[in-house]
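Data first, discussion second: the structure below is written as structure tokens.
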Amino acid sequence: MDMTTKLIAAAERLFDRHGYMATGMDRLTVAAGMSSRTLYKHAGSKAQLMARVLTERDRRFMARLQVQSVDALFAALEDWVRVEGTRGCLFLRSRAETGGDTPEIAEAVATHKAAFHQRIEEVVATDLGRENPALAEQVLVLLEGATHAAVYRGTDAVSAAKAAAAILMKRART
């Protein structure tokens with residue numbers, strides 16, 4: 001594993017567990033096993049590092065969403081929650097912590113959320129056989145809500161959202 005990959009993996013673990021603001025550069029250097037000079041060489045600023053973490057997380061998350069049905073979207077989220085944990089959406093948490101005032105982070109979050117929204121629209125259209133932006137928005141809200149409710153409800157939150165989405169899809173087909 002190269003230094004940058006090692007740093008991004010260590011930073012993601014810390015940012016996800018402790019948050020952006022509570023994770024200092026000293027803690028990052030220890031977790032990555034490198035000097036602060038090496039860390040800054042590979043990461044730039046803390047905000048740049050967080051943006052890189054979010055970009056990598058986006059890549060992994062969106063790869064799981066290469067599905068053809070709404071039901072499969074929720075199955076992918078259930079799997080994500082089981083593997084990655086139930087701490088809510090790192091994108092929204094990092095934006096909330098910074099108030100949207102850190103351009104690198106705000107841009108990474110906006111890019112991810114736009115791609116996420118587009119992917120949901122595509123899956124809904126494929127599953128339904130036609131576009132339905134209102135239904136895609138409802139599915140988006142169910143997915144986002146389930147991600148955050150999983151913090152205290154575990155995968156049961158995703159299962160409940162999946163059942164609600166199935167009702168919406170059935171209603172849209174009739």
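Each chain in the structure tokens gets a letter, A, B, ..., in the order shown, and its residues are numbered from 1; ligands are numbered from 1 in order too.
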
Requested in this report: Can you pull out every residue within 12 Å of Ser94 (chain A), counting only C-alpha atoms, but drop anything in the same chain fewer than 4 positions away, and send it as an MDAnalysis selection string?
Outcome: chainID A and resid 12 15:23 47 50:51 53:54 87:90 98:110

Query - Residue neighbourhood Thr5 (chain A), 12 Å, only C-alpha atoms, exclusion window fewer than 6 positions, as a list in words - result: Ala11, Glu12, Ala32, Leu39, His42, Ala43, Leu49, Arg52, Val53 and Glu56 of chain A

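Ranking A:His112, A:His117, A:Arg57, A:Arg93 by their shortest atom-to-atom distance to Val141 (chain A), with only C-alpha atoms included, puts A:His117 first.
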
Requested in this report: Tell me which protein, DNA and RNA residues are within 12 Å of Ala125 (chain A), counting only C-alpha atoms, leaving out same-chain ones fewer than 2 positions away, and put them as a VMD selection string.
Outcome: chain A and resid 67 to 70 118 to 123 127 to 137 139 169 172 to 173

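Between Ala149 (chain A) and the candidates A:Val124, A:Val81, A:Val30, A:Ile167, the tightest atom-to-atom separation, counting only C-alpha atoms, involves A:Val81.
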
Query raised in the report: Can you list, as number ranges by chain, every residue of chain A that DSSP puts in alpha helix (DSSP H)?
Result: A: 3-18, 25-32, 36-43, 46-64, 70-84, 90-98, 103-128, 133-153, 155-173

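Here the question is which of A:Lys46, A:Lys41, A:Arg27, A:Lys113 gets nearest to Phe61 (chain A) using only C-alpha atoms, and that residue is A:Lys113.
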
Report task. Could you give me, as a ChimeraX atom specification, the residues within 12 Å of Gln66 (chain A), counting only C-alpha atoms and dropping anything in the same chain fewer than 6 positions from it? Result -> /A:59-60,72-77,116,119-120,122-123,126

Requested in this report: Just give me the gap between CA of Asp2 (chain A) and CA of Gly24 (chain A) in Å, one decimal is fine.
Outcome: 22.0 Å
